file model-v7.txt (compact mmCIF, C-alpha atoms and all ligand atoms)
# COMPACT_ATOMS: atom_id res chain seq x y z
CA MET A 258 -4.92 0.18 26.16
CA SER A 259 -3.45 0.40 22.66
CA THR A 260 -3.89 3.65 20.80
CA ILE A 261 -4.61 3.88 17.08
CA ALA A 262 -3.71 7.16 15.37
CA VAL A 263 -6.38 8.02 12.81
CA LEU A 264 -5.08 10.35 10.09
CA ALA A 265 -7.88 10.77 7.57
CA GLY A 266 -6.24 13.45 5.42
CA ASP A 267 -7.52 14.83 2.12
CA GLY A 268 -10.05 14.19 -0.64
CA ILE A 269 -11.97 10.97 -0.03
CA GLY A 270 -9.58 10.20 2.87
CA PRO A 271 -12.03 11.29 5.60
CA GLU A 272 -15.02 9.48 4.02
CA VAL A 273 -13.32 6.12 3.64
CA THR A 274 -11.31 6.37 6.86
CA HIS A 275 -14.42 7.06 8.93
CA ALA A 276 -16.06 4.05 7.29
CA ALA A 277 -13.08 1.90 8.29
CA LEU A 278 -13.03 3.44 11.76
CA GLY A 279 -16.69 2.52 12.25
CA VAL A 280 -15.91 -1.09 11.40
CA LEU A 281 -12.84 -1.14 13.65
CA GLN A 282 -14.73 0.34 16.57
CA THR A 283 -17.37 -2.36 16.20
CA VAL A 284 -14.87 -5.21 16.10
CA ARG A 285 -12.44 -3.71 18.65
CA PRO A 286 -14.29 -1.32 20.98
CA ASP A 287 -11.47 -1.83 23.49
CA LEU A 288 -8.93 0.24 21.53
CA GLU A 289 -8.39 3.98 21.81
CA TYR A 290 -8.84 5.85 18.52
CA ILE A 291 -7.47 9.39 18.25
CA GLU A 292 -7.78 11.59 15.16
CA ALA A 293 -5.18 14.11 14.05
CA SER A 294 -4.65 16.30 11.01
CA VAL A 295 -2.34 15.53 8.10
CA GLY A 296 -1.71 16.66 4.53
CA ALA A 297 -3.61 19.55 2.94
CA SER A 298 -5.93 19.92 5.93
CA ALA A 299 -2.86 20.66 8.07
CA LEU A 300 -1.26 22.92 5.44
CA LYS A 301 -4.47 24.94 5.20
CA ALA A 302 -4.35 25.55 8.95
CA GLY A 303 -0.84 26.99 8.52
CA LEU A 304 0.83 23.85 9.88
CA PRO A 305 3.34 21.55 8.21
CA ALA A 306 1.93 18.56 6.27
CA LEU A 307 2.77 16.43 9.31
CA PRO A 308 2.19 18.66 12.35
CA ASP A 309 4.25 18.02 15.51
CA GLU A 310 1.14 17.08 17.44
CA THR A 311 0.29 14.43 14.84
CA ARG A 312 3.78 13.04 14.96
CA ALA A 313 3.65 12.89 18.76
CA LEU A 314 0.39 10.95 18.52
CA CYS A 315 1.98 8.51 16.06
CA ASP A 316 4.97 8.09 18.40
CA ARG A 317 2.75 6.76 21.15
CA SER A 318 0.41 4.71 18.97
CA ALA A 319 0.45 1.03 18.08
CA ALA A 320 -0.47 1.80 14.48
CA ILE A 321 -1.67 4.49 12.09
CA LEU A 322 -4.93 4.22 10.21
CA PHE A 323 -4.28 6.52 7.27
CA GLY A 324 -6.65 7.91 4.63
CA ALA A 325 -5.00 9.80 1.79
CA VAL A 326 -3.01 12.97 1.16
CA GLY A 327 -2.78 15.20 -1.89
CA LEU A 328 -4.91 17.79 -3.69
CA PRO A 329 -4.56 19.18 -7.24
CA GLU A 330 -4.05 22.73 -6.00
CA TYR A 331 -0.63 21.75 -4.62
CA GLU A 332 0.65 20.37 -7.91
CA GLY A 333 3.87 22.00 -9.05
CA ARG A 334 5.00 22.91 -5.53
CA SER A 335 8.18 21.46 -4.11
CA LEU A 336 7.87 18.15 -2.25
CA GLN A 337 8.26 19.88 1.14
CA GLU A 338 5.26 22.12 0.44
CA ARG A 339 2.99 19.32 -0.70
CA PRO A 340 0.52 17.27 1.34
CA GLU A 341 2.29 14.07 0.19
CA TYR A 342 5.31 15.16 2.19
CA ALA A 343 3.55 13.86 5.30
CA LEU A 344 3.54 10.34 3.90
CA PHE A 345 7.14 10.73 2.82
CA ILE A 346 8.20 11.71 6.36
CA LEU A 347 6.15 9.01 8.06
CA ARG A 348 7.67 6.32 5.83
CA ARG A 349 11.18 7.71 6.28
CA ASP A 350 11.18 8.52 9.99
CA TYR A 351 9.45 5.32 11.13
CA GLU A 352 11.48 3.37 8.54
CA LEU A 353 8.37 1.69 7.17
CA TYR A 354 10.32 -0.25 4.58
CA ALA A 355 7.95 -3.14 3.95
CA ASN A 356 4.91 -2.23 1.92
CA ILE A 357 2.47 -5.11 1.56
CA ARG A 358 -0.25 -4.75 -1.07
CA PRO A 359 -2.52 -7.76 -1.43
CA VAL A 360 -4.39 -7.96 -4.74
CA GLN A 361 -7.50 -10.12 -4.61
CA VAL A 362 -10.48 -10.37 -6.89
CA PHE A 363 -13.66 -10.84 -4.88
CA ALA A 364 -16.11 -13.49 -5.98
CA GLY A 365 -18.82 -11.67 -7.92
CA LEU A 366 -16.57 -8.81 -9.02
CA GLU A 367 -14.85 -10.55 -11.96
CA ASP A 368 -17.02 -8.55 -14.35
CA ALA A 369 -15.81 -5.25 -12.92
CA SER A 370 -12.25 -5.90 -14.12
CA SER A 371 -11.07 -4.41 -17.39
CA LEU A 372 -9.60 -7.83 -18.21
CA LYS A 373 -11.64 -10.85 -19.29
CA PRO A 374 -13.28 -12.45 -16.24
CA GLU A 375 -11.47 -15.80 -16.76
CA LEU A 376 -8.10 -14.04 -16.53
CA VAL A 377 -8.85 -12.61 -13.09
CA ARG A 378 -11.27 -15.08 -11.48
CA GLY A 379 -9.72 -16.13 -8.17
CA LEU A 380 -6.71 -13.81 -8.63
CA ASP A 381 -4.68 -13.63 -5.44
CA LEU A 382 -1.23 -12.07 -5.47
CA VAL A 383 0.70 -9.80 -3.13
CA VAL A 384 2.99 -6.96 -4.11
CA ILE A 385 5.90 -6.48 -1.69
CA ARG A 386 7.24 -3.01 -2.39
CA GLU A 387 10.42 -1.62 -0.84
CA LEU A 388 9.24 1.69 0.60
CA THR A 389 12.09 3.66 2.12
CA GLY A 390 14.83 3.52 -0.48
CA GLY A 391 15.44 3.91 -4.18
CA ILE A 392 14.69 7.03 -6.18
CA TYR A 393 12.07 8.31 -3.72
CA PHE A 394 14.64 8.96 -1.02
CA GLY A 395 18.09 8.94 -2.63
CA LEU A 396 20.17 12.13 -2.36
CA PRO A 397 20.90 14.44 -4.11
CA LYS A 398 17.29 15.24 -4.92
CA GLU A 399 17.24 18.78 -6.22
CA THR A 400 17.14 21.16 -9.14
CA ARG A 401 20.22 23.26 -9.81
CA VAL A 402 21.92 25.02 -12.66
CA ILE A 403 24.76 23.03 -14.20
CA ASP A 404 26.75 24.64 -17.03
CA GLY A 405 24.06 27.28 -17.32
CA VAL A 406 21.24 24.73 -17.74
CA GLU A 407 18.49 24.05 -15.22
CA THR A 408 19.04 20.44 -14.18
CA ALA A 409 16.69 18.28 -12.09
CA ILE A 410 18.26 15.36 -10.27
CA ASP A 411 16.78 12.34 -8.50
CA THR A 412 19.07 9.63 -7.25
CA MET A 413 18.35 5.92 -7.19
CA ILE A 414 20.34 4.23 -4.45
CA TYR A 415 20.19 0.76 -2.88
CA ARG A 416 22.47 -0.88 -0.38
CA PRO A 417 22.55 -4.63 0.29
CA PRO A 418 20.90 -4.56 3.77
CA GLU A 419 17.90 -2.64 2.38
CA VAL A 420 17.38 -5.25 -0.32
CA GLU A 421 18.02 -8.13 2.01
CA ARG A 422 15.38 -7.18 4.57
CA ILE A 423 12.62 -6.61 2.02
CA ALA A 424 13.56 -9.82 0.19
CA ARG A 425 13.11 -11.70 3.46
CA VAL A 426 9.61 -10.28 3.84
CA ALA A 427 8.76 -11.63 0.38
CA PHE A 428 10.27 -15.09 0.95
CA GLU A 429 8.64 -15.49 4.37
CA LEU A 430 5.29 -14.58 2.88
CA ALA A 431 5.71 -16.86 -0.15
CA ARG A 432 6.43 -19.73 2.21
CA LYS A 433 2.95 -19.32 3.71
CA ARG A 434 1.37 -18.98 0.26
CA ARG A 435 2.06 -20.75 -3.04
CA GLY A 436 5.84 -20.66 -2.71
CA LEU A 437 6.77 -18.37 -5.60
CA VAL A 438 8.63 -15.04 -5.48
CA THR A 439 8.88 -12.99 -8.67
CA SER A 440 11.52 -10.32 -8.21
CA VAL A 441 11.17 -7.37 -10.57
CA ASP A 442 14.08 -5.15 -11.63
CA LYS A 443 15.70 -3.47 -14.63
CA GLN A 444 19.07 -5.15 -14.44
CA ASN A 445 19.81 -4.71 -18.15
CA ILE A 446 20.16 -0.95 -17.49
CA LEU A 447 20.38 -0.09 -13.79
CA GLU A 448 23.26 -0.61 -11.37
CA THR A 449 20.81 -0.68 -8.47
CA SER A 450 18.96 -3.52 -10.20
CA ARG A 451 22.11 -5.59 -10.60
CA LEU A 452 22.76 -5.24 -6.89
CA TRP A 453 19.08 -5.97 -6.19
CA ARG A 454 19.17 -9.20 -8.20
CA ARG A 455 22.42 -10.39 -6.64
CA VAL A 456 21.17 -9.83 -3.08
CA VAL A 457 17.78 -11.44 -3.79
CA ASP A 458 19.61 -14.49 -5.21
CA THR A 459 21.68 -14.72 -2.03
CA VAL A 460 18.65 -14.49 0.28
CA ALA A 461 16.87 -17.11 -1.87
CA LYS A 462 19.48 -19.70 -0.86
CA GLU A 463 18.01 -19.62 2.66
CA TYR A 464 14.59 -20.50 1.27
CA PRO A 465 15.08 -23.64 -0.84
CA ASP A 466 11.36 -24.38 -0.53
CA VAL A 467 10.48 -21.12 -2.34
CA ARG A 468 10.86 -20.77 -6.12
CA LEU A 469 12.43 -17.51 -7.31
CA GLU A 470 11.95 -15.93 -10.71
CA HIS A 471 13.36 -12.64 -12.00
CA LEU A 472 11.47 -10.41 -14.42
CA LEU A 473 12.46 -7.12 -16.01
CA VAL A 474 9.98 -4.43 -15.04
CA ASP A 475 8.68 -3.78 -18.57
CA ASN A 476 8.01 -7.47 -19.02
CA ALA A 477 6.40 -7.64 -15.56
CA ALA A 478 4.02 -4.83 -16.54
CA MET A 479 3.04 -6.87 -19.58
CA GLN A 480 2.69 -10.21 -17.75
CA LEU A 481 0.43 -8.58 -15.16
CA VAL A 482 -2.22 -7.93 -17.81
CA LYS A 483 -1.46 -11.06 -19.86
CA ALA A 484 -1.51 -13.74 -17.15
CA PRO A 485 -1.84 -12.16 -13.70
CA LYS A 486 -2.63 -15.48 -12.02
CA ALA A 487 0.94 -16.63 -12.72
CA PHE A 488 2.11 -14.34 -9.88
CA ASP A 489 2.15 -15.22 -6.20
CA VAL A 490 4.49 -12.74 -4.42
CA LEU A 491 5.79 -9.89 -6.55
CA LEU A 492 8.88 -8.33 -4.95
CA THR A 493 10.16 -4.99 -6.16
CA GLU A 494 11.87 -1.70 -5.38
CA ASN A 495 10.10 1.52 -4.48
CA MET A 496 9.19 3.18 -7.77
CA PHE A 497 8.56 0.02 -9.79
CA GLY A 498 6.33 -1.09 -6.91
CA ASP A 499 4.41 2.17 -7.00
CA ILE A 500 3.65 1.73 -10.68
CA LEU A 501 3.02 -2.01 -10.74
CA SER A 502 0.77 -1.94 -7.69
CA ASP A 503 -1.63 0.49 -9.40
CA GLU A 504 -1.63 -1.77 -12.43
CA ALA A 505 -2.26 -4.83 -10.28
CA ALA A 506 -4.96 -3.00 -8.33
CA ILE A 507 -7.07 -2.20 -11.34
CA LEU A 508 -7.17 -5.89 -12.25
CA THR A 509 -9.58 -6.22 -9.33
CA GLY A 510 -12.05 -3.83 -10.95
CA SER A 511 -11.30 -0.76 -8.88
CA ILE A 512 -8.33 0.83 -7.23
CA GLY A 513 -10.75 1.46 -4.36
CA ASN A 514 -10.53 -2.22 -3.42
CA LEU A 515 -6.86 -2.42 -2.48
CA PRO A 516 -5.55 -2.06 1.06
CA SER A 517 -1.94 -1.79 2.13
CA ALA A 518 0.29 -2.13 5.15
CA SER A 519 3.62 -0.37 5.59
CA LEU A 520 5.66 -2.00 8.29
CA GLY A 521 8.97 -1.13 9.89
CA ALA A 522 11.35 -2.65 12.34
CA ARG A 523 9.63 -1.33 15.49
CA GLY A 524 7.83 -4.10 17.40
CA THR A 525 7.75 -7.86 16.99
CA PRO A 526 5.98 -10.03 14.39
CA GLY A 527 2.22 -9.57 14.78
CA LYS A 528 2.84 -6.45 16.89
CA ARG A 529 4.75 -4.31 14.44
CA PHE A 530 4.18 -0.60 14.30
CA GLY A 531 2.71 0.14 10.90
CA LEU A 532 0.78 2.51 8.70
CA TYR A 533 -2.34 1.21 6.96
CA GLU A 534 -3.84 2.96 3.97
CA PRO A 535 -5.93 2.40 0.87
CA ILE A 536 -3.68 2.58 -2.18
CA SER A 537 -6.22 4.65 -4.10
CA GLY A 538 -5.13 8.08 -2.95
CA SER A 539 -7.32 11.12 -2.35
CA ALA A 540 -9.48 10.94 -5.55
CA PRO A 541 -10.40 14.66 -5.36
CA ASP A 542 -12.79 14.29 -8.33
CA ILE A 543 -15.27 12.34 -6.20
CA ALA A 544 -14.43 13.75 -2.78
CA GLY A 545 -17.29 14.97 -0.62
CA LYS A 546 -19.94 13.18 -2.68
CA GLY A 547 -20.25 10.25 -0.29
CA ILE A 548 -19.80 7.72 -3.10
CA ALA A 549 -16.21 6.56 -2.56
CA ASN A 550 -15.56 2.85 -2.24
CA PRO A 551 -14.50 2.16 1.37
CA VAL A 552 -13.34 -1.43 0.73
CA ALA A 553 -9.63 -0.58 0.61
CA ALA A 554 -9.84 1.43 3.83
CA ILE A 555 -11.85 -1.26 5.63
CA LEU A 556 -9.45 -3.98 4.50
CA SER A 557 -6.54 -1.78 5.62
CA ALA A 558 -8.12 -1.78 9.08
CA ALA A 559 -8.15 -5.59 8.94
CA MET A 560 -4.45 -5.58 8.08
CA LEU A 561 -3.85 -3.26 11.03
CA LEU A 562 -5.37 -5.81 13.40
CA ARG A 563 -3.33 -8.62 11.82
CA HIS A 564 0.09 -6.97 11.75
CA SER A 565 0.05 -4.46 14.62
CA LEU A 566 -2.33 -5.99 17.19
CA ASP A 567 -1.73 -9.68 16.64
CA ASP A 568 -5.48 -10.07 16.11
CA GLU A 569 -5.87 -12.55 13.27
CA PRO A 570 -9.48 -13.44 14.21
CA GLY A 571 -10.45 -9.75 14.17
CA ALA A 572 -8.77 -9.30 10.78
CA ARG A 573 -10.54 -12.32 9.31
CA LYS A 574 -13.88 -11.20 10.68
CA ILE A 575 -13.57 -7.88 8.83
CA GLU A 576 -12.33 -9.53 5.62
CA ALA A 577 -15.14 -12.07 5.68
CA ALA A 578 -17.71 -9.33 6.28
CA VAL A 579 -16.47 -7.39 3.22
CA SER A 580 -16.53 -10.49 0.96
CA THR A 581 -19.97 -11.47 2.20
CA ALA A 582 -21.35 -7.98 1.61
CA ILE A 583 -19.98 -8.05 -1.95
CA VAL A 584 -21.23 -11.59 -2.67
CA ASN A 585 -24.63 -10.38 -1.49
CA GLY A 586 -24.58 -7.62 -4.07
CA ALA A 587 -23.29 -4.59 -2.17
CA ARG A 588 -21.58 -2.31 -4.72
CA THR A 589 -20.34 1.26 -4.68
CA ALA A 590 -20.51 3.27 -7.92
CA ASP A 591 -17.03 2.23 -9.11
CA ILE A 592 -17.84 -1.49 -9.12
CA VAL A 593 -21.56 -1.51 -9.88
CA ARG A 594 -22.89 -3.34 -12.96
CA VAL A 595 -24.78 -1.36 -15.58
CA GLY A 596 -28.43 -1.09 -14.53
CA GLU A 597 -27.77 -2.00 -10.89
CA LYS A 598 -28.18 0.34 -7.97
CA SER A 599 -25.01 1.56 -6.33
CA LEU A 600 -24.64 2.19 -2.62
CA SER A 601 -23.17 5.25 -0.99
CA THR A 602 -20.05 4.92 1.18
CA LEU A 603 -22.24 4.90 4.30
CA GLU A 604 -24.76 2.39 2.94
CA PHE A 605 -21.98 0.05 1.83
CA THR A 606 -20.33 0.29 5.24
CA GLU A 607 -23.62 -0.50 6.96
CA ARG A 608 -23.90 -3.66 4.86
CA VAL A 609 -20.41 -4.67 5.96
CA LEU A 610 -21.30 -3.95 9.59
CA THR A 611 -24.28 -6.30 9.43
CA PHE A 612 -21.81 -9.16 8.84
CA CYS A 613 -19.34 -8.12 11.57
C1 LIG A 701 1.39 5.22 -3.13
C2 LIG A 701 1.21 6.65 -3.55
C3 LIG A 701 2.35 7.48 -3.00
C4 LIG A 701 3.64 6.94 -3.57
C5 LIG A 701 2.20 9.00 -3.25
C6 LIG A 701 0.91 9.54 -2.68
C7 LIG A 701 3.38 9.75 -2.69
O1 LIG A 701 1.12 6.73 -4.94
O2 LIG A 701 1.44 4.96 -1.91
O3 LIG A 701 1.44 4.34 -3.98
O4 LIG A 701 4.05 7.34 -4.67
O5 LIG A 701 4.26 6.09 -2.93
MG MG A 702 1.05 4.85 -5.91

call {"tool": "encode", "arguments": {"input": "model-v7.txt", "output": "structure tokens"}}
result
Amino acid sequence: MSTIAVLAGDGIGPEVTHAALGVLQTVRPDLEYIEASVGASALKAGLPALPDETRALCDRSAAILFGAVGLPEYEGRSLQERPEYALFILRRDYELYANIRPVQVFAGLEDASSLKPELVRGLDLVVIRELTGGIYFGLPKETRVIDGVETAIDTMIYRPPEVERIARVAFELARKRRGLVTSVDKQNILETSRLWRRVVDTVAKEYPDVRLEHLLVDNAAMQLVKAPKAFDVLLTENMFGDILSDEAAILTGSIGNLPSASLGARGTPGKRFGLYEPISGSAPDIAGKGIANPVAAILSAAMLLRHSLDDEPGARKIEAAVSTAIVNGARTADIVRVGEKSLSTLEFTERVLTFC
């Protein structure tokens, strides 16, 4: 029996993860689901952000269903003392280099977007973010005194194989979609971007059926709000991907709608070990109120079935149930129209379950 590690974490993490878990258990009662602590909840118990026991569970699991980590009270601490460190270690140690963030506007939710409905109606793009390199992980990463001045240093590093493997993920995906990869960099300024562009161009030669465009990141940020439907697969490095995926997410009306998969090399296609999480984060301002939007978490569970358990029908069943619930008017507070009644996290999840 395959085991799924359930790491709910902080803030709204537990609320939305338990919603997703309920849906998963309904669709796949045959899997073993085991919960473990991570992030601030672990730190508060005097454990590291990723306790050994949690790591051991992940080691023997097929996939990780992840909630969120991070709380305001840890702001200002060093990375190692922060809840986010757990995510950092999981990505690094399992080499989860391929972050897939699908951005879709659900029928009926066009009005919830901050853009004009016609700009986002039918929007369907995917951000492919490199997740284990670049400025997040490059060394040195430290603060020291240089010439008597406190100096903070982060290092942006990329090597060809890192760019090549993530580029392949983007081209393979584009092939199954509308055949366009937009690679985003800052090659007018950054060395890493020049290398990035050169390697992406080389990989592109193996995919003559896919069209490749390059955009500078500032321009990409602008095009995303000007004409988001012009994108199909948006390929980018770690930090640009972090920023652009939040921007892309809000086009859908709420950051609470966007799931993600982080895949590594372990396993085979369809059965890759991966971590699945909403991109919204812990949202401490609404935590514990039972009003968080569980869509991103539920759709992350669907991605888990697709990429780690080779269960495309199960994934589609969950995705269809979410769309149907929304088409039928189910709305949490973040996506509700003025004057309409919003559902709690639990009520929304029950609506989804009726279509599973
Ligand atoms: C994300 C998040 C993380 C990141 C944080 C929580 C470390 O913003 O997954 O987009 O910056 O990668
Ligand atoms: Mg982010």

call {"tool": "closest_residue", "arguments": {"input": "model-v7.txt", "among": "A:Val420, A:Val595, A:Ala265, A:Leu307", "to": "Trp453 of chain A", "atoms": "only C-alpha atoms"}}
result
A:Val420

call {"tool": "residues_around", "arguments": {"input": "model-v7.txt", "residues": "segment 286-288 of chain A", "least_positions_apart": "3", "cutoff": "9 Å", "atoms": "all atoms listed in the file", "output": "VMD selection string"}}
result
chain A and resid 258 to 261 281 to 283

call {"tool": "closest_atom_pairs", "arguments": {"input": "model-v7.txt", "of": "chain A", "to": "ligand LIG 701 (chain A)", "cutoff": "7 Å", "atoms": "all atoms listed in the file", "output": "JSON lines"}}
result
{"residue": "A:Val326", "atom": "CA", "partner": "A:LIG701", "partner_atom": "C6", "distance": 6.5}
{"residue": "A:Gly327", "atom": "CA", "partner": "A:LIG701", "partner_atom": "C6", "distance": 6.8}
{"residue": "A:Glu341", "atom": "CA", "partner": "A:LIG701", "partner_atom": "C7", "distance": 5.3}
{"residue": "A:Leu344", "atom": "CA", "partner": "A:LIG701", "partner_atom": "C7", "distance": 6.6}
{"residue": "A:Phe345", "atom": "CA", "partner": "A:LIG701", "partner_atom": "C7", "distance": 6.7}
{"residue": "A:Asp499", "atom": "CA", "partner": "A:LIG701", "partner_atom": "O3", "distance": 4.8}
{"residue": "A:Ile536", "atom": "CA", "partner": "A:LIG701", "partner_atom": "O2", "distance": 5.7}
{"residue": "A:Gly538", "atom": "CA", "partner": "A:LIG701", "partner_atom": "C6", "distance": 6.2}

call {"tool": "residues_near_ligand", "arguments": {"input": "model-v7.txt", "ligand": "ligand MG 702 (chain A)", "cutoff": "9 Å", "atoms": "all atoms listed in the file", "output": "PyMOL selection string"}}
result
chain A and resi 496+498-503+536-538

call {"tool": "closest_residue", "arguments": {"input": "model-v7.txt", "among": "A:Asp466, A:Glu448, A:Glu407, A:Glu494", "to": "Ala424 of chain A", "atoms": "only C-alpha atoms"}}
result
A:Glu494

call {"tool": "atom_distance", "arguments": {"input": "model-v7.txt", "atom1": "atom CA of Arg435 of chain A", "atom2": "atom CA of Val384 of chain A"}}
result
13.9 Å
